[in-house]
Each structure stands twice: as structure tokens, then as C-alpha cells.
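Have a look at final33.cif; it's mmCIF, C-alpha atoms and all ligand atoms:
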data_protein
#
loop_
_atom_site.label_atom_id
_atom_site.label_comp_id
_atom_site.auth_asym_id
_atom_site.auth_seq_id
_atom_site.Cartn_x
_atom_site.Cartn_y
_atom_site.Cartn_z
CA MET A 80 28.00 -31.74 -40.48
CA SER A 81 31.23 -29.89 -39.82
CA GLY A 82 33.49 -28.64 -37.09
CA ILE A 83 34.02 -29.77 -33.52
CA LEU A 84 31.77 -29.04 -30.57
CA VAL A 85 33.67 -28.87 -27.28
CA PHE A 86 31.30 -29.26 -24.34
CA ALA A 87 32.99 -27.40 -21.49
CA GLU A 88 32.11 -28.55 -17.99
CA THR A 89 31.24 -25.76 -15.55
CA ILE A 90 31.62 -26.29 -11.84
CA GLU A 91 29.66 -23.79 -9.76
CA GLY A 92 29.75 -21.34 -12.66
CA ARG A 93 33.49 -21.74 -13.32
CA VAL A 94 34.68 -23.28 -16.58
CA ALA A 95 36.63 -26.43 -15.60
CA ASP A 96 40.33 -26.77 -16.44
CA SER A 97 39.49 -29.71 -18.69
CA ALA A 98 37.87 -27.31 -21.22
CA ALA A 99 41.22 -25.86 -22.31
CA GLN A 100 42.57 -29.40 -22.82
CA LEU A 101 39.56 -30.33 -24.97
CA VAL A 102 40.21 -27.26 -27.13
CA THR A 103 43.77 -28.49 -27.76
CA ALA A 104 42.41 -31.89 -28.82
CA ALA A 105 39.84 -30.20 -31.08
CA THR A 106 42.55 -28.02 -32.64
CA GLN A 107 44.53 -31.18 -33.38
CA LEU A 108 41.56 -32.54 -35.36
CA GLY A 109 41.16 -29.31 -37.36
CA GLY A 110 38.04 -27.44 -38.42
CA ASN A 111 35.89 -24.82 -36.68
CA ILE A 112 35.64 -25.12 -32.93
CA THR A 113 32.46 -24.21 -31.08
CA LEU A 114 32.56 -24.32 -27.30
CA GLY A 115 29.32 -25.07 -25.47
CA LEU A 116 28.73 -24.35 -21.79
CA VAL A 117 25.92 -24.32 -19.24
CA ALA A 118 25.87 -21.68 -16.49
CA ALA A 119 23.53 -19.43 -14.55
CA ASP A 120 25.65 -16.41 -15.47
CA THR A 121 26.41 -17.16 -19.11
CA THR A 122 28.24 -13.84 -19.60
CA ALA A 123 30.76 -14.52 -16.82
CA ALA A 124 31.25 -18.15 -17.88
CA SER A 125 31.66 -17.23 -21.57
CA GLN A 126 34.44 -14.81 -20.65
CA GLN A 127 36.39 -17.75 -19.23
CA ALA A 128 36.12 -19.61 -22.54
CA SER A 129 38.33 -17.39 -24.68
CA PHE A 130 40.66 -20.23 -25.60
CA SER A 131 42.79 -19.80 -28.66
CA GLY A 132 41.13 -21.64 -31.56
CA VAL A 133 37.54 -21.28 -30.33
CA GLY A 134 35.46 -19.46 -32.96
CA LYS A 135 32.14 -19.40 -31.19
CA VAL A 136 30.66 -19.98 -27.73
CA LEU A 137 27.17 -21.45 -27.37
CA ALA A 138 25.92 -20.65 -23.90
CA VAL A 139 22.89 -22.26 -22.30
CA ARG A 140 21.45 -20.36 -19.34
CA ALA A 141 20.63 -22.58 -16.34
CA ALA A 142 18.32 -21.70 -13.46
CA SER A 143 21.22 -22.19 -11.03
CA ASP A 144 24.82 -23.38 -10.94
CA LEU A 145 23.85 -26.60 -9.17
CA TYR A 146 24.87 -29.43 -11.46
CA ASP A 147 21.83 -31.10 -13.02
CA HIS A 148 22.61 -33.97 -15.37
CA LYS A 149 19.17 -33.87 -17.00
CA PHE A 150 19.47 -30.18 -17.81
CA ASN A 151 23.04 -30.72 -19.05
CA ALA A 152 21.74 -33.49 -21.32
CA ALA A 153 19.01 -31.20 -22.71
CA ALA A 154 21.58 -28.42 -23.22
CA LEU A 155 23.98 -30.75 -25.01
CA ARG A 156 21.17 -31.96 -27.31
CA ALA A 157 20.31 -28.32 -28.14
CA MET A 158 23.97 -27.55 -28.89
CA ILE A 159 24.34 -30.61 -31.15
CA GLU A 160 21.16 -29.60 -32.99
CA ASN A 161 22.55 -26.09 -33.44
CA VAL A 162 26.11 -26.98 -34.54
CA LYS A 163 25.60 -30.34 -36.26
CA PRO A 164 29.25 -31.13 -35.49
CA GLU A 165 31.45 -33.82 -36.89
CA ALA A 166 32.52 -34.65 -33.35
CA VAL A 167 31.62 -33.67 -29.80
CA LEU A 168 34.47 -33.66 -27.28
CA MET A 169 33.79 -33.81 -23.55
CA ALA A 170 35.90 -34.47 -20.46
CA TRP A 171 35.80 -38.05 -19.13
CA SER A 172 34.49 -37.11 -15.71
CA ILE A 173 31.92 -38.30 -13.21
CA ARG A 174 29.55 -35.54 -14.42
CA SER A 175 29.74 -36.26 -18.13
CA ALA A 176 29.51 -39.99 -17.47
CA ALA A 177 26.03 -39.33 -16.04
CA PHE A 178 24.49 -38.16 -19.31
CA ALA A 179 26.85 -38.32 -22.31
CA ALA A 180 26.15 -41.91 -23.35
CA GLY A 181 22.38 -41.28 -23.19
CA VAL A 182 22.67 -38.24 -25.44
CA ALA A 183 24.90 -40.15 -27.88
CA GLU A 184 22.28 -42.90 -28.07
CA GLU A 185 19.38 -40.47 -28.59
CA ALA A 186 21.23 -38.36 -31.16
CA ASP A 187 22.56 -41.46 -32.96
CA LEU A 188 26.21 -40.54 -32.43
CA GLY A 189 29.19 -42.88 -32.20
CA TYR A 190 30.53 -43.00 -28.64
CA ALA A 191 33.74 -43.73 -26.75
CA SER A 192 34.83 -42.90 -23.22
CA ASP A 193 38.28 -42.63 -21.60
CA VAL A 194 39.88 -41.65 -24.91
CA ILE A 195 43.64 -41.09 -24.56
CA ALA A 196 44.55 -40.26 -28.18
CA LEU A 197 42.85 -39.01 -31.33
CA ASP A 198 43.87 -39.25 -34.93
CA ARG A 199 42.61 -39.04 -38.49
CA GLY A 200 42.82 -42.23 -40.52
CA GLU A 201 44.06 -42.12 -44.13
CA SER A 202 40.49 -41.52 -45.28
CA GLY A 203 40.15 -38.60 -42.85
CA ALA A 204 37.90 -40.66 -40.59
CA LEU A 205 38.20 -39.94 -36.88
CA THR A 206 40.09 -42.53 -34.84
CA ALA A 207 39.98 -42.68 -31.04
CA ILE A 208 42.26 -44.77 -28.87
CA ARG A 209 41.10 -45.98 -25.46
CA PRO A 210 42.45 -48.54 -23.00
CA VAL A 211 40.45 -51.73 -22.51
CA TYR A 212 40.78 -54.76 -20.23
CA GLY A 213 42.06 -52.59 -17.38
CA GLY A 214 44.65 -50.94 -19.63
CA LYS A 215 46.24 -54.18 -20.88
CA VAL A 216 45.23 -53.40 -24.48
CA HIS A 217 44.63 -50.18 -26.41
CA ALA A 218 41.61 -50.33 -28.70
CA GLU A 219 41.60 -48.21 -31.85
CA LEU A 220 38.07 -47.18 -32.80
CA GLU A 221 37.44 -45.70 -36.24
CA PHE A 222 34.25 -43.67 -36.70
CA SER A 223 32.58 -43.36 -40.07
CA LYS A 224 33.25 -40.04 -41.81
CA ASP A 225 29.51 -39.62 -42.30
CA ALA A 226 28.46 -40.24 -38.72
CA PRO A 227 29.32 -37.84 -35.89
CA ALA A 228 30.93 -39.16 -32.73
CA LEU A 229 30.75 -38.11 -29.09
CA LEU A 230 34.03 -38.74 -27.31
CA LEU A 231 34.92 -38.41 -23.64
CA LEU A 232 38.60 -37.55 -23.32
CA ARG A 233 40.74 -38.53 -20.37
CA GLN A 234 41.84 -35.43 -18.47
CA ASP A 235 45.43 -34.19 -18.25
CA VAL A 236 46.48 -35.99 -21.43
CA TRP A 237 46.27 -32.92 -23.70
CA ALA A 238 48.04 -29.69 -22.72
CA PRO A 239 45.69 -26.76 -22.09
CA ALA A 240 45.09 -24.31 -24.94
CA ALA A 241 46.20 -20.75 -24.29
CA SER A 242 43.66 -17.99 -23.76
CA GLY A 243 43.41 -15.04 -26.11
CA ALA A 244 40.53 -15.56 -28.52
CA THR A 245 37.45 -13.34 -28.64
CA PRO A 246 34.81 -15.78 -29.81
CA GLU A 247 31.32 -14.73 -30.79
CA VAL A 248 28.91 -15.67 -27.97
CA LYS A 249 25.42 -16.94 -28.74
CA GLU A 250 22.78 -18.02 -26.24
CA VAL A 251 20.75 -21.10 -27.03
CA ALA A 252 17.74 -22.30 -25.09
CA ALA A 253 17.30 -25.77 -23.66
CA PRO A 254 14.02 -27.13 -22.29
CA GLU A 255 13.85 -27.29 -18.50
CA PRO A 256 13.42 -30.92 -17.40
CA ALA A 257 10.03 -31.84 -16.01
CA ALA A 258 9.67 -31.41 -12.24
CA GLU A 259 10.74 -34.49 -10.35
CA ARG A 260 9.65 -36.05 -7.10
CA ILE A 261 13.17 -35.75 -5.75
CA ARG A 262 14.81 -32.37 -6.14
CA HIS A 263 18.52 -31.78 -5.73
CA LYS A 264 18.89 -28.74 -3.50
CA GLU A 265 22.61 -28.26 -2.97
CA PHE A 266 26.07 -29.79 -3.05
CA ARG A 267 28.17 -29.74 0.09
CA ARG A 268 31.92 -30.14 -0.09
CA PRO A 269 33.17 -32.99 2.12
CA GLU A 270 35.07 -31.64 5.09
CA GLY A 271 38.81 -31.92 4.66
CA GLY A 272 38.26 -32.74 0.98
CA VAL A 273 41.38 -32.70 -1.16
CA ASP A 274 41.91 -31.91 -4.81
CA LEU A 275 45.16 -33.64 -5.71
CA THR A 276 44.91 -32.48 -9.32
CA ARG A 277 46.07 -29.08 -8.04
CA SER A 278 49.06 -30.39 -6.02
CA ASP A 279 52.49 -29.60 -7.35
CA ILE A 280 54.07 -32.29 -5.16
CA ILE A 281 52.36 -35.54 -4.11
CA PHE A 282 53.50 -38.09 -1.55
CA ALA A 283 51.46 -41.26 -2.06
CA VAL A 284 51.19 -44.27 0.22
CA GLY A 285 50.37 -47.83 -0.79
CA ARG A 286 49.54 -51.05 0.99
CA GLY A 287 53.21 -51.24 1.97
CA VAL A 288 52.44 -48.72 4.73
CA GLY A 289 51.18 -51.77 6.63
CA GLU A 290 48.66 -50.32 9.05
CA PRO A 291 46.43 -47.24 9.24
CA GLU A 292 48.22 -45.79 12.27
CA LYS A 293 51.37 -45.37 10.16
CA ILE A 294 49.64 -43.13 7.64
CA GLU A 295 49.76 -40.13 9.97
CA THR A 296 53.57 -40.09 9.70
CA PHE A 297 53.36 -39.79 5.90
CA ALA A 298 50.58 -37.21 6.18
CA GLU A 299 52.83 -35.17 8.49
CA ILE A 300 55.80 -35.45 6.10
CA ALA A 301 53.56 -34.36 3.22
CA ARG A 302 52.32 -31.38 5.27
CA ARG A 303 55.87 -30.33 6.13
CA ALA A 304 56.97 -30.63 2.50
CA GLY A 305 53.90 -28.75 1.24
CA ALA A 306 52.77 -31.83 -0.65
CA GLY A 307 49.37 -33.44 -1.20
CA LEU A 308 48.79 -36.92 0.26
CA GLY A 309 47.83 -39.56 -2.31
CA ALA A 310 47.06 -43.25 -1.95
CA SER A 311 46.69 -46.44 -3.92
CA ARG A 312 43.32 -48.14 -4.03
CA PRO A 313 43.86 -50.77 -1.30
CA VAL A 314 44.55 -47.94 1.17
CA VAL A 315 41.24 -46.30 0.26
CA ASP A 316 39.33 -49.59 0.07
CA ALA A 317 40.53 -50.41 3.59
CA GLY A 318 39.12 -47.07 4.78
CA TRP A 319 42.56 -45.76 5.82
CA LEU A 320 42.10 -42.62 3.69
CA PRO A 321 38.97 -41.18 2.02
CA ALA A 322 38.27 -41.68 -1.69
CA PRO A 323 39.51 -38.26 -2.95
CA HIS A 324 43.05 -39.39 -2.05
CA GLN A 325 42.95 -42.33 -4.48
CA ILE A 326 45.12 -42.04 -7.55
CA GLY A 327 44.68 -44.24 -10.57
CA GLN A 328 42.23 -45.60 -13.08
CA THR A 329 39.29 -45.38 -10.68
CA GLY A 330 40.71 -42.45 -8.73
CA VAL A 331 42.10 -39.13 -9.87
CA THR A 332 44.67 -38.58 -12.59
CA VAL A 333 47.53 -36.36 -11.46
CA LYS A 334 50.52 -34.77 -13.14
CA PRO A 335 52.57 -33.08 -10.39
CA ARG A 336 56.12 -31.80 -10.64
CA LEU A 337 57.16 -34.49 -8.11
CA TYR A 338 55.40 -37.79 -7.24
CA VAL A 339 56.84 -39.90 -4.43
CA ALA A 340 55.41 -43.43 -4.16
CA PHE A 341 55.87 -45.10 -0.77
CA GLY A 342 55.16 -48.85 -0.69
CA ILE A 343 53.25 -48.87 -3.98
CA SER A 344 53.90 -51.82 -6.28
CA GLY A 345 53.08 -50.01 -9.54
CA ALA A 346 50.03 -51.90 -10.82
CA MET A 347 48.93 -50.59 -14.21
CA GLN A 348 45.70 -49.22 -12.72
CA HIS A 349 47.75 -47.05 -10.37
CA LEU A 350 50.23 -46.02 -13.07
CA ALA A 351 47.31 -44.87 -15.23
CA GLY A 352 46.75 -42.04 -12.78
CA MET A 353 50.31 -40.81 -12.17
CA GLN A 354 52.77 -41.88 -14.84
CA SER A 355 52.72 -38.47 -16.54
CA SER A 356 54.22 -36.88 -13.41
CA ALA A 357 57.35 -34.87 -14.25
CA LYS A 358 59.58 -36.62 -11.69
CA ILE A 359 58.69 -39.94 -10.05
CA VAL A 360 60.49 -41.22 -6.97
CA ALA A 361 59.68 -44.70 -5.65
CA VAL A 362 60.55 -46.36 -2.36
CA ASN A 363 59.91 -50.09 -2.16
CA THR A 364 61.58 -53.08 -0.53
CA ASP A 365 61.02 -55.22 -3.64
CA PRO A 366 63.69 -54.45 -6.27
CA ASP A 367 61.45 -56.03 -8.93
CA ALA A 368 58.43 -53.84 -8.16
CA ALA A 369 56.89 -52.49 -11.37
CA ILE A 370 56.90 -48.95 -9.98
CA PHE A 371 60.67 -48.84 -10.61
CA GLU A 372 59.99 -49.14 -14.34
CA VAL A 373 58.39 -45.69 -14.39
CA ALA A 374 60.42 -44.12 -11.56
CA HIS A 375 63.16 -41.62 -12.37
CA ILE A 376 64.69 -42.23 -8.95
CA GLY A 377 64.19 -45.45 -7.00
CA ALA A 378 65.23 -46.57 -3.54
CA VAL A 379 65.05 -50.22 -2.50
CA ALA A 380 64.39 -49.43 1.12
CA ASP A 381 61.91 -49.70 3.96
CA ILE A 382 59.47 -46.78 3.74
CA HIS A 383 59.31 -46.41 7.51
CA GLU A 384 63.08 -45.90 7.76
CA VAL A 385 62.93 -43.41 4.89
CA ALA A 386 60.02 -41.65 6.59
CA GLU A 387 61.99 -41.29 9.82
CA GLU A 388 64.92 -39.75 7.94
CA LEU A 389 62.65 -37.45 5.93
CA MET A 390 60.87 -36.28 9.05
CA ALA A 391 64.19 -35.39 10.68
CA ARG A 392 65.48 -33.60 7.59
CA LEU A 393 62.30 -31.59 7.09
CA GLN A 394 62.53 -30.55 10.74
CA ASP A 395 66.19 -29.57 10.29
CA ALA A 396 65.23 -27.53 7.25
CA GLY A 397 63.21 -25.39 9.64
CA ARG A 398 59.83 -26.22 8.22
CA PRO A 399 56.90 -25.60 10.51
CA ALA A 400 55.87 -28.64 12.53
C1 LIG A 501 39.19 -52.17 -12.38
C2 LIG A 501 40.30 -51.85 -11.41
C3 LIG A 501 40.54 -50.54 -11.10
C4 LIG A 501 41.57 -50.21 -10.20
N1 LIG A 501 41.81 -48.90 -9.92
C5 LIG A 501 42.87 -48.58 -9.14
C6 LIG A 501 43.20 -47.22 -8.88
O1 LIG A 501 42.52 -46.28 -9.31
N2 LIG A 501 44.28 -46.97 -8.13
C7 LIG A 501 45.08 -47.95 -7.59
O2 LIG A 501 46.06 -47.64 -6.90
N3 LIG A 501 44.76 -49.24 -7.81
C8 LIG A 501 43.68 -49.58 -8.56
N4 LIG A 501 43.39 -50.89 -8.74
C9 LIG A 501 44.11 -51.90 -7.94
C10 LIG A 501 45.45 -52.28 -8.55
O3 LIG A 501 45.28 -53.33 -9.46
C11 LIG A 501 46.42 -52.74 -7.46
O4 LIG A 501 45.84 -53.80 -6.75
C12 LIG A 501 46.79 -51.65 -6.48
O5 LIG A 501 47.24 -50.50 -7.17
C13 LIG A 501 47.92 -52.14 -5.58
O6 LIG A 501 48.13 -51.18 -4.59
P1 LIG A 501 49.51 -51.14 -3.80
O7 LIG A 501 50.62 -50.94 -4.78
O8 LIG A 501 49.35 -50.16 -2.71
O9 LIG A 501 49.56 -52.57 -3.11
P2 LIG A 501 50.44 -53.84 -3.43
O10 LIG A 501 50.34 -54.23 -4.85
O11 LIG A 501 50.09 -54.86 -2.41
O12 LIG A 501 51.93 -53.34 -3.18
C14 LIG A 501 52.45 -53.00 -1.96
C15 LIG A 501 53.93 -52.73 -2.18
O13 LIG A 501 54.51 -52.28 -0.97
C16 LIG A 501 55.81 -52.82 -0.88
N5 LIG A 501 56.16 -52.82 0.54
C17 LIG A 501 55.62 -53.55 1.55
N6 LIG A 501 56.14 -53.20 2.73
C18 LIG A 501 57.06 -52.22 2.46
C19 LIG A 501 57.93 -51.45 3.27
N7 LIG A 501 57.96 -51.58 4.61
N8 LIG A 501 58.75 -50.55 2.67
C20 LIG A 501 58.74 -50.39 1.32
N9 LIG A 501 57.90 -51.09 0.51
C21 LIG A 501 57.07 -51.98 1.07
C22 LIG A 501 55.72 -54.20 -1.49
O14 LIG A 501 56.97 -54.64 -1.95
C23 LIG A 501 54.72 -53.94 -2.63
O15 LIG A 501 55.40 -53.63 -3.83
C24 LIG A 501 42.36 -51.23 -9.61
C25 LIG A 501 42.09 -52.55 -9.94
C26 LIG A 501 41.08 -52.87 -10.82
C27 LIG A 501 40.83 -54.31 -11.16
#
Exercise: express the given structure as C-alpha cells:
Amino acid sequence: MSGILVFAETIEGRVADSAAQLVTAATQLGGNITLGLVAADTTAASQQASFSGVGKVLAVRAASDLYDHKFNAAALRAMIENVKPEAVLMAWSIRSAAFAAGVAEEADLGYASDVIALDRGESGALTAIRPVYGGKVHAELEFSKDAPALLLLRQDVWAPAASGATPEVKEVAAPEPAAERIRHKEFRRPEGGVDLTRSDIIFAVGRGVGEPEKIETFAEIARRAGAGLGASRPVVDAGWLPAPHQIGQTGVTVKPRLYVAFGISGAMQHLAGMQSSAKIVAVNTDPDAAIFEVAHIGAVADIHEVAEELMARLQDAGRPA
């Protein structure tokens, strides 16, 4: 039992950005790093996994690039069998959540999800820190040195590792899952879907926006400023914006250059998804709102008045309407 197995998620054949972050976390722990991936074109996918620190790539060939959690589980089991790692690191994502715990149970591995920090105890035992009780408390979990652990790491906490390695690539086989009565044929992207994790600037609206009709103003300001439109959970729960706009513990985690929060109180579940933003600006009528504790710039003001002013200024700046 030695070294770290990084299970890299592939999305339609492309190695996900989270893989480079997992490699940084693995490097922090020390030891050999093997990166495992599942793809239809293992050669193309392996070429995207040349992260500095990775010594070896274990590639499992899939029949197609459609995500299949059962096949991913079989592939992960084959990789664990092959590497016999001290720890398996995976991204805490909707995909890994579908099969990681089951594999940990079957392979008798320790398990923790939503890990935000890793360390070695004095004895060299692996320690993982994860928030519990909605983030009110951080639990420190120590895994026995003799028992491997499978850990799902929160995304965008570790910086991505640089590329540049030329790891040895080895193909390993995984058993195809038995045919099922229901077969997954394809994934379709939702129309108008957003990926806020790629936005450099985010304007986010909270319940303070008051009514759904007002959201269009903020959407227009965001468009003019070249920003993505984010939201707090009540806005999504009310059906005012679709789920991909939600930022926070049960939404996406973002780290833009600029995050502007309009009418968002700053509940810890929202902060969990945006507090690593480089510059946070908050507009709220309540001077005691918790958002001001993380904001670099705060305005105690009515968001609708600020929106009017912003709209005028963005127009003056000659931005396209
Ligand atoms: C398990 C769990 C998971 C959760 N996950 C998430 C999550 O992923 N993301 C998330 O956002 N929340 C999440 N929540 C909900 C979270 O606890 C808060 O309820 C939520 O973030 C509050 O959203 P808000 O700030 O928009 O609304 P509120 O807390 O109601 O705040 C509205 C703010 O708007 C201000 N305001 C009102 N009118 C104006 C105005 N005209 N101008 C300026 N300011 C104004 C008010 O002063 C207030 O501060 C979760 C909760 C739980 C229990």
C-alpha cells in the first residue's frame, strides 16, 4: 500500500479541471502519484493528464464517453486493485457522489466527502477536514496509517498543478456492467445552461431583488458588463432562475476575479460557494448583513437604485445594449 491514486473525472472525453487540483493535493501528501481516468479515446485523454508530479496514468477504455456511474465504479475498483494506494483522491462532484461511497464500502476504504483540507498527523496518518452541520463546525477525521482512504475533495480549494510531466501510460481493463433494463442513451445540455465556474466576473442576486420581474435588470447589467449571473438559493427555489445559477453549498463553487452580491445576506451556505473570490463587492440595505464581513467593498444601499446607476454608466461606457 503506497502512493496516491488520483481519479480524474472526464466529461465527454475531456479531463475535468478538477483533476489538476487533485494532483496538487496529492503532491502535498507526498509519495508516487498515479492518475486514473476513464475515456473512449484513452490516448487523447491521457495526453491531457500530463500534470507535474504524476508518475503514471492508468487509463480504462470505455465503450463511449457517455457518463456511466456503474462503469466508472468498476474502473475505479480495477485501478485500486492495480495501485493499492494509500489514498484515493476524487473531486466532490455530482458524478463521483454517484459511485464513490459504494466503491469505498466494497473495497473497505475509509471515506470522507467535501474535504476542504488535508494534512498528515504526527504519526504520518492522513487527516481530512470537512465541514459538518451546514458548515458551522469543521470535523477533523484521522485515517489509520494501515487502512487506505477514499476522499472526495471540494473543488477550487487547491490550485491547479502545472502541466509538463510525461507520465507512463498503462491501460487497465474493467468489466462492462451487465446489461440493464433501462439504458442511458445520451446527455443533452439544458438550453441556455450556464457554467459560472468559468466566469471571471459574477453579478449575483439574492432574495433582496424582491420579485422575479426585477431579475431581468440585473441580467441585463451582467450582460453589459460581460459577467455571469449568479443567485442565492431562495431565488432558485422560487423558480426565478434555473438551478445552474445557484452559488453555494448546494450550488456551484466559484472563484471569480470579481463577485458582486446584490441583496444577499451572506448566509454561511452561500459564502461556502463564493468566499474565495478575489474581490467581493456587496450591496445591501442592512448594515449588519453578514455579507459585509467577507466583502472587500460594501455599499449600504438599495440594489434597485444601484442597478439604475450601473445601467446608465454601462450605457455611457459604450457597451453594447
Ligand atoms: C443545507 C442547506 C444548504 C443551502 N445551500 C445554499 C446554497 O447553496 N446557496 C445559497 O445561497 N443558500 C443556501 N442555503 C440557504 C441559506 O441558508 C440562506 O437561506 C440563503 O443563502 C439566503 O439567501 P439570500 O441572502 O438571498 O436571502 P436573505 O437571507 O433573505 O437575504 C436577503 C437580503 O437582501 C437584503 N435586501 C432586501 N431588500 C433589499 C434592497 N432593496 N436592496 C438591498 N438589499 C436588500 C436584506 O437586507 C437581506 O440581507 C442553504 C441552506 C441549507 C439549510
Provide an axis-aligned box for all listed atoms of ligand LIG 501 (chain A), padding each side by 5 Å; report its centre and its edge lengths in Å to one decimal, as AutoDock Vina command-line options.
--center_x 49.0 --center_y -50.6 --center_z -3.9 --size_x 29.6 --size_y 18.6 --size_z 27.0
I'd like the contact shell of Ser311 (chain A) - 8 Å cut-off, only C-alpha atoms, skipping same-chain residues fewer than 5 positions apart - returned as a list in words.
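Those residues are Ala283, Val284, Gly285, Arg286, Gln325, Ile326, Gly327, Ile343 and His349 of chain A.
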Nearest to Lys264 (chain A), restricted to all atoms listed in the file and choosing among A:Asp147, A:Glu388, A:Glu184, A:Asp381, comes out as A:Asp147
Would you give me, as a tab-separated table, each residue of chain A having an atom within 6 Å of an atom of ligand LIG 501 (chain A), along with its shortest atom pair and that distance in Å to one decimal, using all atoms listed in the file and sorting by chain and residue number?
residue	atom	partner	partner_atom	distance
A:Gly213	CA	A:LIG501	C1	5.8
A:Gly285	CA	A:LIG501	O8	3.2
A:Arg286	CA	A:LIG501	O8	3.8
A:Gly287	CA	A:LIG501	C17	3.4
A:Ser311	CA	A:LIG501	O2	3.3
A:Arg312	CA	A:LIG501	C7	4.0
A:Pro313	CA	A:LIG501	O6	5.4
A:Ile326	CA	A:LIG501	N2	5.0
A:Gly327	CA	A:LIG501	O1	3.2
A:Gln328	CA	A:LIG501	O1	3.8
A:Thr329	CA	A:LIG501	O1	3.6
A:Gly330	CA	A:LIG501	O1	4.3
A:Gly342	CA	A:LIG501	O13	3.5
A:Ile343	CA	A:LIG501	O7	3.4
A:Ser344	CA	A:LIG501	O15	3.4
A:Gly345	CA	A:LIG501	O7	5.4
A:Ala346	CA	A:LIG501	O5	4.8
A:Gln348	CA	A:LIG501	C5	4.6
A:His349	CA	A:LIG501	O2	3.9
A:Val362	CA	A:LIG501	C20	5.7
A:Asn363	CA	A:LIG501	N9	3.5
A:Thr364	CA	A:LIG501	N9	4.3
A:Asp365	CA	A:LIG501	O14	4.4
A:Ala368	CA	A:LIG501	O15	5.3
A:Ala380	CA	A:LIG501	C20	5.7
A:Asp381	CA	A:LIG501	N8	3.5
A:Ile382	CA	A:LIG501	N8	4.0
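You will find CA of Asn151 (chain A) at 10.6 Å from CA of Gly115 (chain A).
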Pick out the closest residue to Glu290 (chain A) from this set: A:Arg156, A:His148, A:His383, A:Lys224. Count all atoms listed in the file.
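With all atoms listed in the file as the atom set, the closest residue is A:His383.
Proximity to Ile159 (chain A) was assessed for A:Ser355, A:Ser125, A:Thr113, A:Gln394 counting all atoms listed in the file; the smallest distance is recorded for A:Thr113.
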Which residues come within 7 Å of region 134-141 of chain A, counting all atoms listed in the file, excluding same-chain residues fewer than 2 positions away, as a list in words?
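Selected residues are Asn111, Ile112, Thr113, Leu114, Gly115, Leu116, Val117, Ala118, Ala119, Asp120, Thr121, Ser125, Gly132, Ser143, Asp144, Ala154, Pro246, Glu247, Val248, Lys249, Glu250, Val251, Ala252 and Ala253 of chain A.
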Fewer than 4 positions away in the same chain doesn't count, so skip those; otherwise give me all residues within 6 Å of Ser242 (chain A), counting all atoms listed in the file, as a PyMOL selection string.
chain A and resi 129-131
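Residue nearest Ala374 (chain A) within the list A:Gln354, A:Ser97, A:Thr103, A:Gln126: A:Gln354 [criterion: smallest interatomic distance, only C-alpha atoms].
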Here CA of Leu84 (chain A) and CA of Leu155 (chain A) stand apart by 9.7 Å
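Using only C-alpha atoms for every distance, the candidate list A:Pro227, A:Pro256, A:Gly307, A:Gly82 yields A:Gly82 as the residue closest to Gln107 (chain A).
Take the candidates A:Arg303, A:Arg199, A:Lys163, A:Arg233 and check each one against Glu219 (chain A) using only C-alpha atoms; the shortest distance goes to A:Arg199.
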Polymer residues at most 12 Å from (46.2, -46.4, 12.7) by only C-alpha atoms, as number ranges by chain
A: 288-297, 314, 317-320
